[in-house]
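Note: the block below is target-v3.cif and it holds mmCIF, C-alpha atoms.
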```cif
data_run
#
loop_
_atom_site.label_atom_id
_atom_site.label_comp_id
_atom_site.auth_asym_id
_atom_site.auth_seq_id
_atom_site.Cartn_x
_atom_site.Cartn_y
_atom_site.Cartn_z
CA MET A 1 101.60 126.36 184.75
CA PHE A 2 99.76 129.70 184.85
CA LEU A 3 102.97 131.53 184.00
CA LEU A 4 103.03 129.78 180.61
CA LEU A 5 99.58 130.96 179.58
CA PRO A 6 100.60 134.47 178.44
CA PHE A 7 103.42 132.95 176.40
CA ASP A 8 101.07 130.41 174.80
CA SER A 9 98.61 133.19 174.02
CA LEU A 10 101.39 135.20 172.39
CA VAL A 11 102.41 132.23 170.21
CA VAL A 12 98.81 131.67 169.14
CA ASN A 13 98.40 135.34 168.28
CA LEU A 14 101.64 135.40 166.27
CA LEU A 15 100.61 132.24 164.44
CA GLY A 16 97.20 133.71 163.65
CA ILE A 17 98.77 136.93 162.38
CA SER A 18 101.24 134.98 160.22
CA ILE A 19 98.47 132.91 158.63
CA THR A 20 96.38 136.04 158.02
CA VAL A 21 99.32 137.82 156.39
CA LEU A 22 100.11 134.75 154.27
CA PHE A 23 96.57 134.42 152.93
CA THR A 24 96.36 138.17 152.35
CA LEU A 25 99.55 138.02 150.27
CA LEU A 26 98.20 135.00 148.38
CA LEU A 27 94.96 136.80 147.66
CA VAL A 28 96.51 140.13 146.61
CA PHE A 29 99.56 138.96 144.68
CA ILE A 30 98.50 135.59 143.23
CA ILE A 31 94.79 134.75 143.29
CA VAL A 32 93.40 138.16 142.22
CA PRO A 33 95.99 138.58 139.38
CA ALA A 34 95.15 135.02 138.27
CA ILE A 35 91.46 135.91 138.08
CA PHE A 36 92.16 138.86 135.77
CA GLY A 37 95.05 137.21 133.89
CA VAL A 38 97.66 139.80 134.89
CA SER A 39 101.10 139.51 136.46
CA PHE A 40 103.16 141.84 138.65
CA GLY A 41 106.42 140.46 137.21
CA ILE A 42 107.53 138.94 140.53
CA ARG A 43 108.26 135.56 138.94
CA LYS A 44 110.47 137.10 136.23
CA VAL A 45 112.50 138.99 138.83
CA TYR A 46 112.79 135.72 140.76
CA MET A 47 114.03 133.93 137.60
CA LYS A 48 116.63 136.61 136.83
CA THR A 49 117.90 136.42 140.42
CA LEU A 50 118.23 132.64 140.14
CA LEU A 51 120.17 132.99 136.89
CA LYS A 52 122.72 135.28 138.54
CA ILE A 53 123.09 132.84 141.45
CA PHE A 54 123.55 129.91 139.04
CA GLN A 55 126.21 131.82 137.11
CA TRP A 56 128.15 132.53 140.31
CA ALA A 57 127.80 128.91 141.45
CA THR A 58 128.98 127.62 138.05
CA LEU A 59 132.13 129.77 138.17
CA ARG A 60 132.82 128.62 141.73
CA ILE A 61 132.28 124.97 140.77
CA GLU A 62 134.61 125.21 137.77
CA ARG A 63 137.32 126.79 139.91
CA GLY A 64 136.88 124.24 142.68
CA ALA A 65 136.81 121.36 140.18
CA LYS A 66 140.21 122.39 138.81
CA GLU A 67 141.64 122.52 142.32
CA LYS A 68 140.26 119.13 143.40
CA ASN A 69 140.04 117.34 140.03
CA HIS A 70 136.29 117.03 140.57
CA PRO A 71 134.36 115.60 137.56
CA LEU A 72 131.95 118.05 135.97
CA TYR A 73 128.81 117.41 133.96
CA LYS A 74 129.30 117.02 130.26
CA PRO A 75 126.91 118.84 127.90
CA TYR A 76 124.01 116.71 126.75
CA VAL A 77 124.48 115.19 123.33
CA ASN A 78 121.98 113.33 121.20
CA GLY A 79 124.30 110.41 120.54
CA ILE A 80 127.50 108.88 121.89
CA ILE A 81 128.42 107.07 118.68
CA ALA A 82 129.31 108.96 115.52
CA LYS A 83 127.05 107.69 112.74
CA GLU A 84 126.82 108.58 109.10
CA PRO A 85 123.54 108.18 107.19
CA THR A 86 124.36 105.21 104.96
CA SER A 87 122.20 102.39 103.61
CA LEU A 88 122.43 98.70 104.46
CA GLU A 89 123.68 97.97 100.94
CA GLU A 90 126.48 100.54 101.11
CA GLU A 91 127.72 99.36 104.50
CA ILE A 92 127.77 95.67 103.55
CA LYS A 93 129.55 96.59 100.33
CA GLU A 94 132.25 98.36 102.36
CA ILE A 95 132.60 95.36 104.72
CA ARG A 96 132.99 92.94 101.79
CA ARG A 97 135.50 95.19 100.08
CA SER A 98 137.68 95.47 103.18
CA GLY A 99 137.28 91.80 104.08
CA SER A 100 137.00 89.15 101.39
CA GLY A 101 137.51 91.56 98.53
CA LYS A 102 134.37 90.29 96.81
CA ALA A 103 131.91 92.75 95.34
CA LEU A 104 128.29 92.99 96.39
CA GLU A 105 127.25 91.70 92.99
CA THR A 106 128.03 88.21 94.28
CA PRO A 107 124.56 86.85 95.04
CA GLU A 108 125.71 84.34 97.66
CA PHE A 109 125.65 84.98 101.37
CA GLU A 110 129.02 86.04 102.77
CA LEU A 111 130.07 85.28 106.33
CA SER A 112 131.43 88.81 106.66
CA ASP A 113 127.87 90.15 106.28
CA ILE A 114 127.25 89.02 109.87
CA PHE A 115 129.58 91.74 111.13
CA TYR A 116 127.22 94.42 109.86
CA PHE A 117 124.32 93.13 111.96
CA CYS A 118 126.59 92.52 114.98
CA ARG A 119 127.87 96.08 114.84
CA LYS A 120 124.36 97.50 114.45
CA GLY A 121 123.16 95.47 117.41
CA ILE A 122 126.00 96.66 119.66
CA GLU A 123 125.48 100.27 118.56
CA THR A 124 121.79 100.01 119.39
CA ILE A 125 122.54 98.65 122.87
CA MET A 126 125.22 101.28 123.58
CA ASP A 127 123.34 104.22 122.08
CA ASP A 128 119.67 103.29 122.35
CA GLU A 129 117.65 106.12 120.80
CA VAL A 130 114.51 105.03 122.68
CA THR A 131 115.69 104.28 126.23
CA LYS A 132 117.67 107.50 126.66
CA ARG A 133 114.52 109.52 125.84
CA PHE A 134 113.03 108.33 129.15
CA SER A 135 115.75 109.57 131.50
CA ALA A 136 116.28 113.08 132.83
CA GLU A 137 117.96 115.55 130.50
CA GLU A 138 121.57 116.14 131.54
CA LEU A 139 122.49 119.69 132.51
CA GLU A 140 125.54 121.66 131.44
CA SER A 141 125.81 123.28 134.88
CA TRP A 142 124.56 122.61 138.41
CA ASN A 143 121.31 124.28 139.50
CA LEU A 144 121.86 123.83 143.27
CA LEU A 145 119.51 120.82 143.43
CA SER A 146 120.87 117.66 145.08
CA ARG A 147 118.95 115.50 142.65
CA THR A 148 121.05 116.80 139.70
CA ASN A 149 124.38 116.26 141.46
CA TYR A 150 124.82 115.42 145.12
CA ASN A 151 128.57 116.14 145.30
CA PHE A 152 128.83 119.68 143.96
CA HIS A 153 127.80 121.45 147.18
CA TYR A 154 130.88 120.06 148.96
CA ILE A 155 133.30 121.98 146.73
CA SER A 156 133.47 125.05 149.00
CA LEU A 157 131.99 126.35 152.26
CA ARG A 158 130.16 129.23 150.58
CA LEU A 159 128.61 126.85 148.03
CA THR A 160 127.51 124.52 150.83
CA VAL A 161 125.91 127.42 152.73
CA LEU A 162 124.16 128.57 149.54
CA TRP A 163 122.88 125.06 148.86
CA GLY A 164 121.61 124.72 152.46
CA LEU A 165 119.87 128.10 152.22
CA GLY A 166 118.24 126.94 148.98
CA VAL A 167 116.95 123.78 150.69
CA LEU A 168 115.35 125.87 153.45
CA ILE A 169 113.74 128.24 150.94
CA ARG A 170 112.41 125.46 148.72
CA TYR A 171 111.08 123.15 151.45
CA CYS A 172 110.13 125.58 154.23
CA PHE A 173 108.77 128.51 152.22
CA LEU A 174 108.04 127.61 148.58
CA LEU A 175 106.62 124.12 149.21
CA PRO A 176 103.92 125.17 151.74
CA LEU A 177 103.05 128.17 149.58
CA ARG A 178 102.74 126.02 146.46
CA ILE A 179 100.66 123.36 148.23
CA ALA A 180 98.29 126.07 149.48
CA LEU A 181 97.96 127.48 145.95
CA ALA A 182 97.41 124.05 144.39
CA PHE A 183 94.73 123.25 146.98
CA THR A 184 93.09 126.63 146.32
CA GLY A 185 93.13 126.15 142.54
CA ILE A 186 91.72 122.61 142.63
CA SER A 187 89.05 123.53 145.19
CA LEU A 188 87.91 126.52 143.14
CA LEU A 189 87.89 124.38 139.98
CA VAL A 190 85.64 121.73 141.53
CA THR A 191 83.36 124.26 143.24
CA GLY A 192 83.19 126.70 140.32
CA THR A 193 82.50 124.13 137.59
CA THR A 194 79.88 122.40 139.76
CA VAL A 195 78.01 125.67 140.31
CA VAL A 196 78.29 126.69 136.63
CA GLY A 197 77.06 123.22 135.65
CA TYR A 198 73.61 123.98 137.13
CA LEU A 199 73.13 126.97 134.84
CA PRO A 200 71.10 126.52 131.61
CA ASN A 201 73.09 126.16 128.41
CA GLY A 202 73.82 129.45 126.75
CA ARG A 203 76.34 132.25 126.37
CA CYS A 204 76.31 133.08 130.07
CA LYS A 205 77.21 129.51 131.06
CA GLU A 206 79.93 129.33 128.39
CA PHE A 207 81.39 132.67 129.49
CA LEU A 208 81.49 131.70 133.17
CA SER A 209 82.82 128.22 132.45
CA LYS A 210 85.67 129.64 130.37
CA HIS A 211 86.75 132.11 133.00
CA VAL A 212 86.42 129.64 135.87
CA HIS A 213 88.68 127.19 134.01
CA LEU A 214 91.22 129.88 133.08
CA MET A 215 91.29 131.32 136.62
CA CYS A 216 91.83 127.93 138.27
CA TYR A 217 94.49 126.79 135.80
CA ARG A 218 96.36 130.07 136.25
CA ILE A 219 96.35 129.58 140.01
CA CYS A 220 97.70 126.04 139.52
CA VAL A 221 100.39 127.40 137.20
CA ARG A 222 101.45 129.82 139.92
CA ALA A 223 101.53 126.89 142.35
CA LEU A 224 104.49 125.60 140.32
CA THR A 225 106.07 129.06 139.92
CA ALA A 226 105.71 128.44 136.20
CA ILE A 227 107.16 131.14 133.94
CA ILE A 228 105.68 130.61 130.47
CA THR A 229 106.42 132.47 127.26
CA TYR A 230 103.74 132.12 124.59
CA HIS A 231 104.68 132.77 120.95
CA ASP A 232 102.46 133.45 117.91
CA ARG A 233 99.22 133.57 119.88
CA GLU A 234 97.28 134.47 116.75
CA ASN A 235 97.58 130.76 115.84
CA ARG A 236 95.84 129.55 118.99
CA PRO A 237 93.41 126.64 118.40
CA ARG A 238 89.82 127.48 117.49
CA ASN A 239 86.50 125.70 117.92
CA GLY A 240 85.98 122.59 115.83
CA GLY A 241 89.70 121.78 115.65
CA ILE A 242 92.23 119.55 117.38
CA CYS A 243 95.21 120.88 119.31
CA VAL A 244 98.15 118.43 119.28
CA ALA A 245 101.35 118.95 121.25
CA ASN A 246 104.48 117.09 122.27
CA HIS A 247 104.24 115.53 125.72
CA THR A 248 106.81 115.97 128.50
CA SER A 249 104.77 116.16 131.68
CA PRO A 250 101.20 115.93 133.04
CA ILE A 251 101.42 119.69 133.65
CA ASP A 252 101.45 120.21 129.86
CA VAL A 253 97.67 120.36 130.26
CA ILE A 254 97.64 123.31 132.65
CA ILE A 255 100.47 125.03 130.74
CA LEU A 256 98.24 125.17 127.65
CA ALA A 257 94.87 125.50 129.43
CA SER A 258 96.04 128.59 131.33
CA ASP A 259 96.21 130.42 127.98
CA GLY A 260 93.27 128.83 126.15
CA TYR A 261 89.96 127.06 126.61
CA TYR A 262 90.01 123.37 125.62
CA ALA A 263 87.93 120.24 125.78
CA MET A 264 89.99 117.51 127.43
CA VAL A 265 90.12 113.91 126.28
CA GLY A 266 90.98 111.06 128.61
CA GLN A 267 90.03 108.01 130.60
CA ILE A 268 87.65 108.26 133.54
CA HIS A 269 89.48 107.93 136.86
CA GLY A 270 88.47 107.37 140.43
CA GLY A 271 89.44 109.23 143.60
CA LEU A 272 90.29 112.93 143.51
CA MET A 273 90.85 112.91 139.75
CA GLY A 274 87.41 111.41 139.24
CA VAL A 275 85.81 114.16 141.38
CA ILE A 276 87.56 116.81 139.27
CA GLN A 277 86.49 115.15 136.00
CA ARG A 278 82.85 114.86 137.03
CA ALA A 279 82.78 118.52 138.08
CA MET A 280 84.50 119.74 134.90
CA VAL A 281 82.20 117.88 132.53
CA LYS A 282 79.16 119.61 134.06
CA ALA A 283 80.39 123.00 132.89
CA CYS A 284 82.18 122.05 129.66
CA PRO A 285 81.76 119.24 127.07
CA HIS A 286 84.93 117.29 127.84
CA VAL A 287 85.32 113.83 126.29
CA TRP A 288 85.84 111.16 128.96
CA PHE A 289 86.01 107.43 128.21
CA GLU A 290 85.46 104.38 130.37
CA ARG A 291 88.44 102.03 130.70
CA SER A 292 86.78 99.46 128.38
CA GLU A 293 85.97 102.13 125.77
CA VAL A 294 89.56 103.38 125.46
CA LYS A 295 90.60 100.13 123.76
CA ASP A 296 87.87 100.50 121.13
CA ARG A 297 89.55 102.67 118.47
CA HIS A 298 86.39 102.97 116.38
CA LEU A 299 84.34 104.21 119.33
CA VAL A 300 87.02 106.75 120.27
CA ALA A 301 87.26 107.99 116.68
CA LYS A 302 83.46 108.27 116.47
CA ARG A 303 83.22 110.34 119.67
CA LEU A 304 86.02 112.65 118.56
CA THR A 305 84.51 113.06 115.08
CA GLU A 306 81.12 113.99 116.52
CA HIS A 307 82.80 116.57 118.74
CA VAL A 308 84.84 118.34 116.03
CA GLN A 309 81.94 118.37 113.57
CA ASP A 310 80.10 120.70 115.94
CA LYS A 311 81.88 124.00 115.28
CA SER A 312 80.44 125.50 118.45
CA LYS A 313 82.37 123.06 120.64
CA LEU A 314 85.82 123.74 122.03
CA PRO A 315 89.03 122.49 120.37
CA ILE A 316 90.15 119.11 121.66
CA LEU A 317 93.54 118.91 123.39
CA ILE A 318 95.45 115.72 122.55
CA PHE A 319 99.00 114.46 123.12
CA PRO A 320 99.46 111.92 120.29
CA GLU A 321 102.73 110.44 121.63
CA GLY A 322 100.74 108.70 124.35
CA THR A 323 103.57 108.94 126.91
CA CYS A 324 105.95 111.52 128.37
CA ILE A 325 109.28 112.10 126.58
CA ASN A 326 112.25 113.76 128.27
CA ASN A 327 112.09 117.22 126.65
CA THR A 328 114.76 116.40 124.04
CA SER A 329 112.73 114.67 121.33
CA VAL A 330 109.37 114.07 119.70
CA MET A 331 108.46 110.42 119.13
CA MET A 332 105.87 108.75 116.91
CA PHE A 333 102.39 110.30 116.87
CA LYS A 334 99.50 107.84 117.03
CA LYS A 335 97.48 108.19 113.85
CA GLY A 336 94.00 108.09 115.47
CA SER A 337 93.57 111.84 115.96
CA PHE A 338 94.73 112.48 112.38
CA GLU A 339 92.13 110.22 110.76
CA ILE A 340 89.01 112.21 111.60
CA GLY A 341 89.56 114.98 109.06
CA ALA A 342 89.62 117.98 111.41
CA THR A 343 91.91 120.99 111.27
CA VAL A 344 94.99 120.34 113.40
CA TYR A 345 96.60 123.10 115.45
CA PRO A 346 100.18 122.03 116.31
CA VAL A 347 101.80 123.31 119.50
CA ALA A 348 105.46 122.92 120.51
CA ILE A 349 106.39 122.95 124.21
CA LYS A 350 110.01 123.23 125.35
CA TYR A 351 111.03 123.36 129.02
CA ASP A 352 114.20 124.91 130.42
CA PRO A 353 115.68 122.19 132.69
CA GLN A 354 118.03 124.67 134.35
CA PHE A 355 115.37 125.64 136.90
CA GLY A 356 113.64 122.29 137.31
CA ASP A 357 113.12 119.10 135.32
CA ALA A 358 109.48 118.84 134.20
CA PHE A 359 109.85 115.35 132.68
CA TRP A 360 107.79 112.66 134.38
CA ASN A 361 109.51 109.28 134.36
CA SER A 362 106.39 107.29 135.25
CA SER A 363 108.29 104.01 135.43
CA LYS A 364 110.52 105.44 138.20
CA TYR A 365 108.33 107.91 140.11
CA GLY A 366 104.70 107.81 141.17
CA MET A 367 102.47 110.85 140.72
CA VAL A 368 102.81 112.01 144.34
CA THR A 369 106.63 111.75 144.27
CA TYR A 370 106.74 113.51 140.92
CA LEU A 371 104.57 116.40 142.13
CA LEU A 372 106.75 116.72 145.24
CA ARG A 373 109.85 116.97 143.06
CA MET A 374 108.14 119.61 140.92
CA MET A 375 107.01 121.67 143.90
CA THR A 376 110.47 121.59 145.46
CA SER A 377 112.21 122.73 142.27
CA TRP A 378 113.19 126.35 141.80
CA ALA A 379 110.65 127.00 139.06
CA ILE A 380 109.15 125.60 135.87
CA VAL A 381 110.24 127.67 132.88
CA CYS A 382 109.04 126.87 129.38
CA SER A 383 108.25 128.29 125.95
CA VAL A 384 105.10 127.51 123.96
CA TRP A 385 104.84 128.03 120.20
CA TYR A 386 101.47 128.03 118.43
CA LEU A 387 102.08 126.86 114.87
CA PRO A 388 99.84 127.69 111.88
CA PRO A 389 96.89 125.27 111.45
CA MET A 390 97.44 122.25 109.23
CA THR A 391 95.00 120.09 107.26
CA ARG A 392 95.39 116.68 105.69
CA GLN A 393 96.26 116.86 102.00
CA CYS A 394 94.55 114.81 99.30
CA ASP A 395 97.56 112.56 98.66
CA GLU A 396 98.32 111.96 102.36
CA ASP A 397 97.24 109.13 104.59
CA ALA A 398 96.84 109.58 108.35
CA VAL A 399 100.38 108.36 109.13
CA GLN A 400 102.00 110.78 106.67
CA PHE A 401 99.91 113.65 108.01
CA ALA A 402 100.88 112.78 111.60
CA ASN A 403 104.57 112.67 110.65
CA ARG A 404 104.32 116.06 108.91
CA VAL A 405 102.76 117.64 112.01
CA LYS A 406 105.34 115.96 114.25
CA SER A 407 108.22 117.26 112.13
CA ALA A 408 106.84 120.81 112.31
CA ILE A 409 106.61 120.62 116.12
CA ALA A 410 110.12 119.17 116.45
CA ARG A 411 111.59 121.81 114.16
CA GLN A 412 109.96 124.71 116.02
CA GLY A 413 110.78 123.41 119.50
CA GLY A 414 114.38 122.45 118.69
CA LEU A 415 113.62 118.79 119.42
CA VAL A 416 114.93 115.62 117.79
CA ASP A 417 112.39 114.09 115.39
CA LEU A 418 112.23 110.31 115.96
CA LEU A 419 110.13 107.67 114.23
CA TRP A 420 110.14 105.28 117.21
CA ASP A 421 106.93 104.52 119.11
CA GLY A 422 106.95 105.85 122.67
CA GLY A 423 105.14 102.65 123.68
CA LEU A 424 108.54 100.90 123.53
CA LYS A 425 109.08 102.42 126.97
CA ARG A 426 107.11 99.49 128.40
CA GLU A 427 106.85 97.03 125.51
CA LYS A 428 109.25 94.93 123.49
CA VAL A 429 110.22 95.82 119.95
CA LYS A 430 107.64 94.50 117.52
CA ASP A 431 108.62 91.64 115.23
CA THR A 432 107.79 93.84 112.23
CA PHE A 433 110.89 95.96 112.92
CA LYS A 434 113.09 92.86 112.86
CA GLU A 435 111.36 91.50 109.77
CA GLU A 436 111.90 94.81 107.97
CA GLN A 437 115.70 94.45 108.26
CA GLN A 438 115.49 90.81 107.17
CA LYS A 439 113.44 91.80 104.11
CA LEU A 440 115.94 94.52 103.15
CA TYR A 441 118.84 92.09 103.29
CA SER A 442 116.89 89.36 101.48
CA LYS A 443 115.81 91.78 98.78
CA MET A 444 119.40 92.90 98.32
CA ILE A 445 120.65 89.33 97.81
CA VAL A 446 117.69 87.97 95.81
CA GLY A 447 117.33 91.16 93.78
CA ASN A 448 120.95 91.11 92.70
CA HIS A 449 120.65 87.42 91.80
CA GLU A 450 117.56 88.10 89.65
CA ASP A 451 119.30 90.98 87.91
CA ARG A 452 122.25 88.74 87.04
CA SER A 453 119.90 86.04 85.72
CA ARG A 454 118.17 88.49 83.37
CA SER A 455 121.50 89.74 82.05
#
```
Can you present the structure in this file as structure tokens?
Amino acid sequence: MFLLLPFDSLVVNLLGISITVLFTLLLVFIIVPAIFGVSFGIRKVYMKTLLKIFQWATLRIERGAKEKNHPLYKPYVNGIIAKEPTSLEEEIKEIRRSGSGKALETPEFELSDIFYFCRKGIETIMDDEVTKRFSAEELESWNLLSRTNYNFHYISLRLTVLWGLGVLIRYCFLLPLRIALAFTGISLLVTGTTVVGYLPNGRCKEFLSKHVHLMCYRICVRALTAIITYHDRENRPRNGGICVANHTSPIDVIILASDGYYAMVGQIHGGLMGVIQRAMVKACPHVWFERSEVKDRHLVAKRLTEHVQDKSKLPILIFPEGTCINNTSVMMFKKGSFEIGATVYPVAIKYDPQFGDAFWNSSKYGMVTYLLRMMTSWAIVCSVWYLPPMTRQCDEDAVQFANRVKSAIARQGGLVDLLWDGGLKREKVKDTFKEEQQKLYSKMIVGNHEDRSRS
């Protein structure tokens, strides 16, 4: 028993030295650079190394796939059915011409018209533009993560060894490091904003609040090994405006907040999130709503209007889609934030899924599972574009203005611009969509009949 004591003492000493070295490295290479907003370029070297490894793995996979007839990923495409932009009238005219031979000028209903709606229904089921926006983006090549393809690491021994080494690095080294950084960032955010909140209002409080927020968000960004490229920073949102961006992940907030100072908008939560919200609002005028208040559109609009009318207050950060989309598209923007008459600062965010999928499928994964998947990915790589500010024109309503901003974001980010409501992720299609098609067909038949009567 006594012979084991020196060995135990040695283990304890080695463990203590390891922890000291780890926290020293964290302090010198991550926390201190985050405080001053500088980078040593370690993450970029890490990304370039990963790219070279992925290129080698892709070549090995392609060679092994040819030898074993192993199926490879197909490049992601926006649609699986070739469609041409034609109107309902033109398509029914073509069906009638190829079927009964009658022209569309015949005002009566034709049985062949049913085939148009049957075909459209089948196309919608097979190539649903909404549902496929809520599944992970398909990769052109494997990134050595089992979750993207479980079978690829069995192609060769060297690939299997490389995959196993990657698992050890991600789970035994990167994951503990990232958890420690996330804990550090959140703890500093709660402590720092609470302390700053006791200071009297003034320039000193605003200065400290800004730098506490930026420091903590930058630490949290490093907890995800996020490599972010910001473009056109001269267009960054200013006080008294609204920053709107496409929404892929909950981390969109820290991606933007690590480069700017924003007032957040959201529902009041309990638990850890509630502690963070209460601490943040002491140092900065964030806009939090009770659960019952969120449903009151007029109250929300009033609070937001009061905020933006004060030009000394921070720009509000809003994600008008209301749900996370899978990094391929931009869906309908809710019109509420476009009705209050403030200057809108559009921002486009595009993630590179090759290093890790940032999309949060909330119907499939809980927040804890999602964060675990993020922290065990290789990295989070994305580009952020600040677009020129936009204001509502005299002849525009809120919906038209929202669509114009959405189109600008989609165009800059290389995303598909869709008119569908992201709420269809959890809800059924509204009857108004069905009635719209019925009205178009009815108008086509009745309109033609009226035209014939006049002639």
Spatial neighbours of Gly185 (chain A), 9 Å, only C-alpha atoms, chain gap at least 2 places, as an MDAnalysis selection string: chainID A and resid 31 180:183 187:190 215:220 223
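The residues caught by the PyMOL selection byres ((chain A and resi 226) around 10) in this file are A:Arg43, A:Lys44, A:Arg218, A:Cys220, A:Val221, A:Arg222, A:Ala223, A:Leu224, A:Thr225, A:Ile227, A:Ile228, A:Thr229, A:Ile255, A:Trp378, A:Ala379, A:Ile380, A:Val381, A:Cys382.
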Next, write the just-selected residues to a file, as a PDB file, in the coordinates of the input, keeping C-alpha atoms as the atom set.
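Ended up saving to part-v8.pdb:
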```pdb
ATOM      1  CA  ARG A  43     108.260 135.560 138.940  1.00  0.00           C
ATOM      2  CA  LYS A  44     110.470 137.100 136.230  1.00  0.00           C
ATOM      3  CA  ARG A 218      96.360 130.070 136.250  1.00  0.00           C
ATOM      4  CA  CYS A 220      97.700 126.040 139.520  1.00  0.00           C
ATOM      5  CA  VAL A 221     100.390 127.400 137.200  1.00  0.00           C
ATOM      6  CA  ARG A 222     101.450 129.820 139.920  1.00  0.00           C
ATOM      7  CA  ALA A 223     101.530 126.890 142.350  1.00  0.00           C
ATOM      8  CA  LEU A 224     104.490 125.600 140.320  1.00  0.00           C
ATOM      9  CA  THR A 225     106.070 129.060 139.920  1.00  0.00           C
ATOM     10  CA  ILE A 227     107.160 131.140 133.940  1.00  0.00           C
ATOM     11  CA  ILE A 228     105.680 130.610 130.470  1.00  0.00           C
ATOM     12  CA  THR A 229     106.420 132.470 127.260  1.00  0.00           C
ATOM     13  CA  ILE A 255     100.470 125.030 130.740  1.00  0.00           C
ATOM     14  CA  TRP A 378     113.190 126.350 141.800  1.00  0.00           C
ATOM     15  CA  ALA A 379     110.650 127.000 139.060  1.00  0.00           C
ATOM     16  CA  ILE A 380     109.150 125.600 135.870  1.00  0.00           C
ATOM     17  CA  VAL A 381     110.240 127.670 132.880  1.00  0.00           C
ATOM     18  CA  CYS A 382     109.040 126.870 129.380  1.00  0.00           C
TER      19      CYS A 382
END
```
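Take CA of Gly197 (chain A) and CA of Ile179 (chain A): the distance between them is 26.7 Å.
The spacing separating CA of Asn361 (chain A) from CA of Leu256 (chain A) amounts to 20.6 Å.
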Write out as a PDB file with C-alpha atoms, keeping the file's coordinate frame which residues come within 12 Å of Asn327 (chain A) when counting all atoms listed in the file, dropping same-chain ones fewer than 4 positions away.
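Once everything was written out, this is part-v4.pdb:
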```pdb
ATOM      1  CA  TYR A  76     124.010 116.710 126.750  1.00  0.00           C
ATOM      2  CA  ASN A  78     121.980 113.330 121.200  1.00  0.00           C
ATOM      3  CA  LYS A 132     117.670 107.500 126.660  1.00  0.00           C
ATOM      4  CA  ARG A 133     114.520 109.520 125.840  1.00  0.00           C
ATOM      5  CA  PHE A 134     113.030 108.330 129.150  1.00  0.00           C
ATOM      6  CA  SER A 135     115.750 109.570 131.500  1.00  0.00           C
ATOM      7  CA  ALA A 136     116.280 113.080 132.830  1.00  0.00           C
ATOM      8  CA  GLU A 137     117.960 115.550 130.500  1.00  0.00           C
ATOM      9  CA  GLU A 138     121.570 116.140 131.540  1.00  0.00           C
ATOM     10  CA  ASN A 246     104.480 117.090 122.270  1.00  0.00           C
ATOM     11  CA  HIS A 247     104.240 115.530 125.720  1.00  0.00           C
ATOM     12  CA  THR A 248     106.810 115.970 128.500  1.00  0.00           C
ATOM     13  CA  SER A 249     104.770 116.160 131.680  1.00  0.00           C
ATOM     14  CA  ASP A 252     101.450 120.210 129.860  1.00  0.00           C
ATOM     15  CA  THR A 323     103.570 108.940 126.910  1.00  0.00           C
ATOM     16  CA  MET A 331     108.460 110.420 119.130  1.00  0.00           C
ATOM     17  CA  ALA A 348     105.460 122.920 120.510  1.00  0.00           C
ATOM     18  CA  ILE A 349     106.390 122.950 124.210  1.00  0.00           C
ATOM     19  CA  LYS A 350     110.010 123.230 125.350  1.00  0.00           C
ATOM     20  CA  TYR A 351     111.030 123.360 129.020  1.00  0.00           C
ATOM     21  CA  ASP A 352     114.200 124.910 130.420  1.00  0.00           C
ATOM     22  CA  PRO A 353     115.680 122.190 132.690  1.00  0.00           C
ATOM     23  CA  GLY A 356     113.640 122.290 137.310  1.00  0.00           C
ATOM     24  CA  ASP A 357     113.120 119.100 135.320  1.00  0.00           C
ATOM     25  CA  ALA A 358     109.480 118.840 134.200  1.00  0.00           C
ATOM     26  CA  PHE A 359     109.850 115.350 132.680  1.00  0.00           C
ATOM     27  CA  TRP A 360     107.790 112.660 134.380  1.00  0.00           C
ATOM     28  CA  ASN A 361     109.510 109.280 134.360  1.00  0.00           C
ATOM     29  CA  CYS A 382     109.040 126.870 129.380  1.00  0.00           C
ATOM     30  CA  SER A 383     108.250 128.290 125.950  1.00  0.00           C
ATOM     31  CA  ALA A 410     110.120 119.170 116.450  1.00  0.00           C
ATOM     32  CA  GLY A 413     110.780 123.410 119.500  1.00  0.00           C
ATOM     33  CA  GLY A 414     114.380 122.450 118.690  1.00  0.00           C
ATOM     34  CA  LEU A 415     113.620 118.790 119.420  1.00  0.00           C
ATOM     35  CA  VAL A 416     114.930 115.620 117.790  1.00  0.00           C
ATOM     36  CA  ASP A 417     112.390 114.090 115.390  1.00  0.00           C
TER      37      ASP A 417
END
```
Nearby residues, (97.4, 132.8, 118.2) file frame, 10 Å, all atoms listed in the file, as number ranges by chain: A: 230-238, 260, 385-388
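Put simply, CA of Tyr262 (chain A) is 14.1 Å away from CA of Asp310 (chain A).
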Which centre and which edge lengths, in Å to one decimal, describe the axis-aligned box that holds all listed atoms of region 377-380 of chain A after 6 Å is added on each side, as AutoDock Vina command-line options?
```
--center_x 111.2 --center_y 124.9 --center_z 139.1 --size_x 16.0 --size_y 16.3 --size_z 18.4
```
Residues within 9 Å of Val244 (chain A), all atoms listed in the file, excluding chain neighbours under 3 positions, as an NGL selection string: :A and (316-320 or 337 or 344-348 or 405)
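Comparing A:Thr376, A:Trp56, A:Gly274, A:Tyr46 by their smallest distance to Ile169 (chain A), the closest is A:Thr376 (using all atoms listed in the file).
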